[in-house]
Amino acid sequence: MLASRITLLCFFLLMVSAPNVWGTSQAADEISTPDQFKDEFQTVPCKNSERQDAVKTLFEQMGAAASEITVDSHKRVENVMIRRDGTGEGLIVVGAHYDKANNGCGALDNWTGIVAMAHIYRSLKRAPIQKTLLFVAFGDEERGLVGSRAMVDAIKKDALPQYCAMINIDSLGLAPPQVMDNTSSGKLARVAEEIAGKMKIPFAHARIDSGNADSSSFLNRKIPSVTIHGMSNEWPKVLHTTDDRATRVNPLSVYLGYRLALALVTRVDASPCDAYR
């Protein structure tokens, strides 16, 4: 259970001794707080028809101008995207799918990922970055990774080396952060573990061999990718069921996933583009 695995001591250590993820003196108010994550799950859009607009609203609440939020339309799917240009070359994709399965509200799968990604955007929207960040809310993941496949298929072969990494966030909320090894690059998975250790965040590797994730679409085109999730052994009883609702979300799990993913993004941004290939 989450309560037994994330102790108050770990939480205290994270708050007072985690290294500055920027490596600079970034303003403290750019790091979201655990209380802010509690507020995010007071309501969750429970209909697929509501979720794209809810993503846009959430990013606007995080400081994005409406004009910065675009919809990347393909034949069968729409992805919501925000681009933040860096000072140098290279691209990092930060992704989470916004659609849900037919049953339940999709609070865990995957509104938690959308919330974590939106807070990463908030944390980095004024930070000095080297690489261009593409924040992408993928559509129709539940129908077979349709949104991420459409994005990846549109990348021309000669542009692939510009994509340094894809960091995917999918289904936090039940346990501490974990890497889904069967949908992740080995190098990025090991870096995530290293960062978690330094930040004193509880961490694990957890294969879900029957599962897939949007990172898989990028791996198929040799782009280094990782999926961070926060599922416990209870996940088969919750995901894609009527039990996937806001009351099942532990905001601390989502917060820790956000902190780990944020630190991983900044590590990749400071590294050579081919460091994780």
# chains A, B, ... in the order shown; residues from 1 in each chain; ligands from 1
$ residues_around --residues "Met81 (chain A)" --least-positions-apart "3" --cutoff "6 Å" --atoms "only C-alpha atoms" --output "MDAnalysis selection string"
chainID A and resid 69:70 135:136
$ residues_around --residues "Asp35 (chain A)" --least-positions-apart "6" --cutoff "12 Å" --atoms "only C-alpha atoms" --output "JSON, numbers by chain"
{"A": [41, 42, 250, 251, 252, 254, 255]}
$ residues_around --residues "region 273-276 of chain A" --least-positions-apart "6" --cutoff "7 Å" --atoms "only C-alpha atoms" --output "VMD selection string"
chain A and resid 90 164 187 to 188 224
$ write_last_selection --atoms "N, CA and C atoms" --output "PDB file, in the first residue's frame"
ATOM      1  N   GLY A  90      17.986  20.363 -30.769  1.00  0.00           N
ATOM      2  CA  GLY A  90      17.445  19.181 -30.121  1.00  0.00           C
ATOM      3  C   GLY A  90      16.037  19.396 -29.592  1.00  0.00           C
ATOM      4  N   CYS A 164      15.821  14.059 -29.031  1.00  0.00           N
ATOM      5  CA  CYS A 164      16.779  13.558 -28.046  1.00  0.00           C
ATOM      6  C   CYS A 164      16.158  12.523 -27.114  1.00  0.00           C
ATOM      7  N   LYS A 187      18.899   3.095 -20.933  1.00  0.00           N
ATOM      8  CA  LYS A 187      19.690   4.212 -20.416  1.00  0.00           C
ATOM      9  C   LYS A 187      18.815   5.212 -19.674  1.00  0.00           C
ATOM     10  N   LEU A 188      17.664   5.557 -20.231  1.00  0.00           N
ATOM     11  CA  LEU A 188      16.785   6.517 -19.552  1.00  0.00           C
ATOM     12  C   LEU A 188      16.219   5.914 -18.272  1.00  0.00           C
ATOM     13  N   PRO A 224      15.048   7.551 -27.949  1.00  0.00           N
ATOM     14  CA  PRO A 224      15.105   7.147 -26.541  1.00  0.00           C
ATOM     15  C   PRO A 224      13.849   7.598 -25.784  1.00  0.00           C
TER      16      PRO A 224
END
$ select_by_dssp --residues "region 10-219 of chain A" --states "alpha helix (DSSP H)" --output "mmCIF file with N, CA and C atoms, in the first residue's frame"
data_model
loop_
_atom_site.group_PDB
_atom_site.id
_atom_site.type_symbol
_atom_site.label_atom_id
_atom_site.label_comp_id
_atom_site.auth_asym_id
_atom_site.auth_seq_id
_atom_site.Cartn_x
_atom_site.Cartn_y
_atom_site.Cartn_z
ATOM 1 N N CYS A 10 10.513 9.973 4.261
ATOM 2 C CA CYS A 10 10.866 10.190 2.858
ATOM 3 C C CYS A 10 10.298 11.509 2.363
ATOM 4 N N PHE A 11 9.054 11.785 2.751
ATOM 5 C CA PHE A 11 8.422 13.026 2.322
ATOM 6 C C PHE A 11 9.176 14.230 2.875
ATOM 7 N N PHE A 12 9.578 14.159 4.157
ATOM 8 C CA PHE A 12 10.326 15.259 4.766
ATOM 9 C C PHE A 12 11.658 15.471 4.055
ATOM 10 N N LEU A 13 12.363 14.365 3.801
ATOM 11 C CA LEU A 13 13.649 14.480 3.121
ATOM 12 C C LEU A 13 13.493 15.080 1.729
ATOM 13 N N LEU A 14 12.458 14.702 1.023
ATOM 14 C CA LEU A 14 12.241 15.251 -0.312
ATOM 15 C C LEU A 14 12.026 16.745 -0.258
ATOM 16 N N MET A 15 11.262 17.191 0.729
ATOM 17 C CA MET A 15 10.939 18.617 0.813
ATOM 18 C C MET A 15 12.158 19.453 1.182
ATOM 19 N N VAL A 16 13.042 18.922 2.051
ATOM 20 C CA VAL A 16 14.105 19.781 2.566
ATOM 21 C C VAL A 16 15.465 19.554 1.922
ATOM 22 N N SER A 17 15.680 18.365 1.296
ATOM 23 C CA SER A 17 17.037 18.087 0.846
ATOM 24 C C SER A 17 17.158 17.694 -0.606
ATOM 25 N N PRO A 34 2.804 19.870 -2.986
ATOM 26 C CA PRO A 34 1.853 18.763 -2.827
ATOM 27 C C PRO A 34 0.414 19.237 -2.674
ATOM 28 N N ASP A 35 0.201 20.363 -1.992
ATOM 29 C CA ASP A 35 -1.163 20.876 -1.817
ATOM 30 C C ASP A 35 -1.805 21.240 -3.145
ATOM 31 N N GLN A 36 -1.005 21.736 -4.082
ATOM 32 C CA GLN A 36 -1.560 22.056 -5.391
ATOM 33 C C GLN A 36 -2.060 20.804 -6.101
ATOM 34 N N PHE A 37 -1.393 19.686 -5.868
ATOM 35 C CA PHE A 37 -1.835 18.449 -6.512
ATOM 36 C C PHE A 37 -3.127 17.931 -5.876
ATOM 37 N N LYS A 38 -3.300 18.162 -4.600
ATOM 38 C CA LYS A 38 -4.585 17.799 -3.978
ATOM 39 C C LYS A 38 -5.726 18.542 -4.654
ATOM 40 N N ASP A 39 -5.513 19.813 -4.927
ATOM 41 C CA ASP A 39 -6.561 20.628 -5.532
ATOM 42 C C ASP A 39 -6.918 20.156 -6.934
ATOM 43 N N GLU A 40 -5.942 19.595 -7.658
ATOM 44 C CA GLU A 40 -6.183 19.203 -9.041
ATOM 45 C C GLU A 40 -7.193 18.061 -9.168
ATOM 46 N N ASN A 48 -14.986 11.559 -22.417
ATOM 47 C CA ASN A 48 -13.947 11.821 -23.404
ATOM 48 C C ASN A 48 -14.202 13.102 -24.182
ATOM 49 N N SER A 49 -15.455 13.422 -24.387
ATOM 50 C CA SER A 49 -15.800 14.635 -25.126
ATOM 51 C C SER A 49 -15.415 15.908 -24.385
ATOM 52 N N GLU A 50 -15.166 15.811 -23.082
ATOM 53 C CA GLU A 50 -14.817 16.969 -22.266
ATOM 54 C C GLU A 50 -13.312 17.144 -22.099
ATOM 55 N N ARG A 51 -12.546 16.132 -22.414
ATOM 56 C CA ARG A 51 -11.169 16.104 -21.932
ATOM 57 C C ARG A 51 -10.219 16.986 -22.729
ATOM 58 N N GLN A 52 -10.414 17.110 -24.022
ATOM 59 C CA GLN A 52 -9.505 17.977 -24.771
ATOM 60 C C GLN A 52 -9.614 19.414 -24.300
ATOM 61 N N ASP A 53 -10.826 19.909 -24.126
ATOM 62 C CA ASP A 53 -10.985 21.281 -23.630
ATOM 63 C C ASP A 53 -10.450 21.411 -22.212
ATOM 64 N N ALA A 54 -10.618 20.363 -21.411
ATOM 65 C CA ALA A 54 -10.095 20.401 -20.042
ATOM 66 C C ALA A 54 -8.571 20.487 -20.034
ATOM 67 N N VAL A 55 -7.907 19.826 -20.987
ATOM 68 C CA VAL A 55 -6.445 19.921 -21.102
ATOM 69 C C VAL A 55 -6.045 21.356 -21.405
ATOM 70 N N LYS A 56 -6.717 21.974 -22.355
ATOM 71 C CA LYS A 56 -6.403 23.358 -22.715
ATOM 72 C C LYS A 56 -6.598 24.281 -21.516
ATOM 73 N N THR A 57 -7.694 24.103 -20.799
ATOM 74 C CA THR A 57 -7.974 24.937 -19.623
ATOM 75 C C THR A 57 -6.888 24.764 -18.568
ATOM 76 N N LEU A 58 -6.459 23.523 -18.356
ATOM 77 C CA LEU A 58 -5.436 23.254 -17.351
ATOM 78 C C LEU A 58 -4.127 23.941 -17.715
ATOM 79 N N PHE A 59 -3.719 23.870 -18.976
ATOM 80 C CA PHE A 59 -2.479 24.528 -19.382
ATOM 81 C C PHE A 59 -2.594 26.049 -19.263
ATOM 82 N N GLU A 60 -3.751 26.591 -19.528
ATOM 83 C CA GLU A 60 -3.934 28.028 -19.343
ATOM 84 C C GLU A 60 -3.801 28.391 -17.863
ATOM 85 N N GLN A 61 -4.321 27.532 -16.987
ATOM 86 C CA GLN A 61 -4.166 27.771 -15.553
ATOM 87 C C GLN A 61 -2.701 27.701 -15.131
ATOM 88 N N THR A 112 -4.003 11.784 -14.211
ATOM 89 C CA THR A 112 -2.816 12.018 -13.377
ATOM 90 C C THR A 112 -1.616 12.412 -14.231
ATOM 91 N N GLY A 113 -1.442 11.748 -15.370
ATOM 92 C CA GLY A 113 -0.333 12.084 -16.255
ATOM 93 C C GLY A 113 -0.463 13.470 -16.849
ATOM 94 N N ILE A 114 -1.689 13.835 -17.216
ATOM 95 C CA ILE A 114 -1.941 15.175 -17.764
ATOM 96 C C ILE A 114 -1.620 16.240 -16.717
ATOM 97 N N VAL A 115 -2.039 16.020 -15.482
ATOM 98 C CA VAL A 115 -1.777 16.982 -14.411
ATOM 99 C C VAL A 115 -0.274 17.107 -14.172
ATOM 100 N N ALA A 116 0.429 15.980 -14.083
ATOM 101 C CA ALA A 116 1.877 16.030 -13.866
ATOM 102 C C ALA A 116 2.569 16.764 -15.004
ATOM 103 N N MET A 117 2.181 16.479 -16.247
ATOM 104 C CA MET A 117 2.794 17.146 -17.389
ATOM 105 C C MET A 117 2.519 18.649 -17.371
ATOM 106 N N ALA A 118 1.306 19.041 -17.028
ATOM 107 C CA ALA A 118 0.970 20.466 -16.974
ATOM 108 C C ALA A 118 1.799 21.185 -15.919
ATOM 109 N N HIS A 119 2.054 20.536 -14.792
ATOM 110 C CA HIS A 119 2.884 21.158 -13.762
ATOM 111 C C HIS A 119 4.350 21.212 -14.182
ATOM 112 N N ILE A 120 4.807 20.240 -14.963
ATOM 113 C CA ILE A 120 6.160 20.342 -15.511
ATOM 114 C C ILE A 120 6.251 21.554 -16.423
ATOM 115 N N TYR A 121 5.230 21.766 -17.239
ATOM 116 C CA TYR A 121 5.214 22.962 -18.086
ATOM 117 C C TYR A 121 5.290 24.219 -17.225
ATOM 118 N N ARG A 122 4.496 24.276 -16.174
ATOM 119 C CA ARG A 122 4.502 25.442 -15.286
ATOM 120 C C ARG A 122 5.902 25.677 -14.720
ATOM 121 N N SER A 123 6.564 24.596 -14.326
ATOM 122 C CA SER A 123 7.878 24.712 -13.703
ATOM 123 C C SER A 123 8.948 25.176 -14.684
ATOM 124 N N LEU A 124 8.752 24.897 -15.960
ATOM 125 C CA LEU A 124 9.792 25.182 -16.951
ATOM 126 C C LEU A 124 9.458 26.335 -17.883
ATOM 127 N N VAL A 146 -2.957 5.666 -30.827
ATOM 128 C CA VAL A 146 -3.227 6.319 -32.109
ATOM 129 C C VAL A 146 -2.556 7.687 -32.185
ATOM 130 N N GLY A 147 -2.680 8.484 -31.121
ATOM 131 C CA GLY A 147 -2.123 9.838 -31.146
ATOM 132 C C GLY A 147 -0.609 9.865 -31.237
ATOM 133 N N SER A 148 0.045 9.055 -30.429
ATOM 134 C CA SER A 148 1.511 9.057 -30.459
ATOM 135 C C SER A 148 2.038 8.457 -31.755
ATOM 136 N N ARG A 149 1.371 7.444 -32.266
ATOM 137 C CA ARG A 149 1.801 6.871 -33.539
ATOM 138 C C ARG A 149 1.651 7.878 -34.674
ATOM 139 N N ALA A 150 0.569 8.642 -34.639
ATOM 140 C CA ALA A 150 0.372 9.649 -35.678
ATOM 141 C C ALA A 150 1.467 10.703 -35.632
ATOM 142 N N MET A 151 1.853 11.132 -34.413
ATOM 143 C CA MET A 151 2.920 12.118 -34.297
ATOM 144 C C MET A 151 4.239 11.556 -34.805
ATOM 145 N N VAL A 152 4.564 10.344 -34.387
ATOM 146 C CA VAL A 152 5.841 9.747 -34.766
ATOM 147 C C VAL A 152 5.890 9.472 -36.266
ATOM 148 N N ASP A 153 4.797 9.004 -36.835
ATOM 149 C CA ASP A 153 4.772 8.711 -38.269
ATOM 150 C C ASP A 153 4.984 9.962 -39.111
ATOM 151 N N GLY A 186 16.750 1.475 -21.872
ATOM 152 C CA GLY A 186 17.525 1.098 -20.698
ATOM 153 C C GLY A 186 18.283 2.260 -20.097
ATOM 154 N N LYS A 187 18.899 3.095 -20.933
ATOM 155 C CA LYS A 187 19.690 4.212 -20.416
ATOM 156 C C LYS A 187 18.815 5.212 -19.674
ATOM 157 N N LEU A 188 17.664 5.557 -20.231
ATOM 158 C CA LEU A 188 16.785 6.517 -19.552
ATOM 159 C C LEU A 188 16.219 5.914 -18.272
ATOM 160 N N ALA A 189 15.911 4.629 -18.279
ATOM 161 C CA ALA A 189 15.406 3.986 -17.067
ATOM 162 C C ALA A 189 16.439 4.046 -15.950
ATOM 163 N N ARG A 190 17.706 3.821 -16.292
ATOM 164 C CA ARG A 190 18.759 3.862 -15.273
ATOM 165 C C ARG A 190 18.989 5.280 -14.764
ATOM 166 N N VAL A 191 18.880 6.264 -15.639
ATOM 167 C CA VAL A 191 19.031 7.654 -15.200
ATOM 168 C C VAL A 191 17.884 8.038 -14.272
ATOM 169 N N ALA A 192 16.677 7.598 -14.586
ATOM 170 C CA ALA A 192 15.541 7.873 -13.709
ATOM 171 C C ALA A 192 15.773 7.281 -12.318
ATOM 172 N N GLU A 193 16.307 6.061 -12.266
ATOM 173 C CA GLU A 193 16.605 5.434 -10.978
ATOM 174 C C GLU A 193 17.670 6.217 -10.222
ATOM 175 N N GLU A 194 18.689 6.660 -10.934
ATOM 176 C CA GLU A 194 19.760 7.440 -10.302
ATOM 177 C C GLU A 194 19.214 8.745 -9.719
ATOM 178 N N ILE A 195 18.387 9.433 -10.485
ATOM 179 C CA ILE A 195 17.818 10.702 -10.022
ATOM 180 C C ILE A 195 16.940 10.472 -8.802
ATOM 181 N N ALA A 196 16.107 9.430 -8.848
ATOM 182 C CA ALA A 196 15.234 9.137 -7.710
ATOM 183 C C ALA A 196 16.055 8.884 -6.451
ATOM 184 N N GLY A 197 17.164 8.173 -6.595
ATOM 185 C CA GLY A 197 18.011 7.919 -5.443
ATOM 186 C C GLY A 197 18.573 9.192 -4.849
ATOM 187 N N LYS A 198 19.038 10.091 -5.701
ATOM 188 C CA LYS A 198 19.598 11.347 -5.212
ATOM 189 C C LYS A 198 18.537 12.216 -4.556
ATOM 190 N N MET A 199 17.306 12.155 -5.069
ATOM 191 C CA MET A 199 16.226 12.962 -4.510
ATOM 192 C C MET A 199 15.513 12.269 -3.353
ATOM 193 N N ASP A 214 2.561 5.154 -24.774
ATOM 194 C CA ASP A 214 2.899 6.042 -25.880
ATOM 195 C C ASP A 214 4.396 6.103 -26.138
ATOM 196 N N SER A 215 5.203 5.812 -25.135
ATOM 197 C CA SER A 215 6.648 5.776 -25.368
ATOM 198 C C SER A 215 7.020 4.709 -26.388
ATOM 199 N N SER A 216 6.217 3.652 -26.491
ATOM 200 C CA SER A 216 6.502 2.577 -27.434
ATOM 201 C C SER A 216 6.520 3.083 -28.877
ATOM 202 N N SER A 217 5.649 4.043 -29.183
ATOM 203 C CA SER A 217 5.599 4.595 -30.537
ATOM 204 C C SER A 217 6.928 5.241 -30.899
ATOM 205 N N PHE A 218 7.537 5.918 -29.936
ATOM 206 C CA PHE A 218 8.816 6.586 -30.172
ATOM 207 C C PHE A 218 9.963 5.589 -30.201
ATOM 208 N N LEU A 219 9.904 4.587 -29.330
ATOM 209 C CA LEU A 219 10.934 3.545 -29.352
ATOM 210 C C LEU A 219 10.977 2.849 -30.705
#
$ closest_residue --among "A:Val71, A:Ala206, A:Val226, A:Met166" --to "Ser184 (chain A)" --atoms "only C-alpha atoms"
A:Val226
$ residues_around --residues "Ala270 (chain A)" --least-positions-apart "4" --cutoff "9 Å" --atoms "only C-alpha atoms" --output "list in words"
Ile129, Gln130, Lys131, Val265 and Thr266 of chain A
$ closest_residue --among "A:Pro236, A:Gly257, A:Gly230, A:Gly95" --to "Ile201 (chain A)" --atoms "only C-alpha atoms"
A:Gly257
$ atom_distance --atom1 "CA of Leu91 (chain A)" --atom2 "CA of Pro272 (chain A)"
11.2 Å
$ atom_distance --atom1 "CA of Asp109 (chain A)" --atom2 "CA of Ala261 (chain A)"
16.9 Å
$ closest_residue --among "A:Val249, A:Met62, A:Ala107, A:Ala213" --to "Arg126 (chain A)" --atoms "only C-alpha atoms"
A:Met62
$ residues_around --residues "Met231 (chain A)" --least-positions-apart "2" --cutoff "12 Å" --atoms "only C-alpha atoms" --output "PyMOL selection string"
chain A and resi 1-2+108-110+112+169-180+203-208+227-229+233-239+248-250+253-254+257
$ atom_distance --atom1 "CA of Gly106 (chain A)" --atom2 "CA of Val77 (chain A)"
18.4 Å
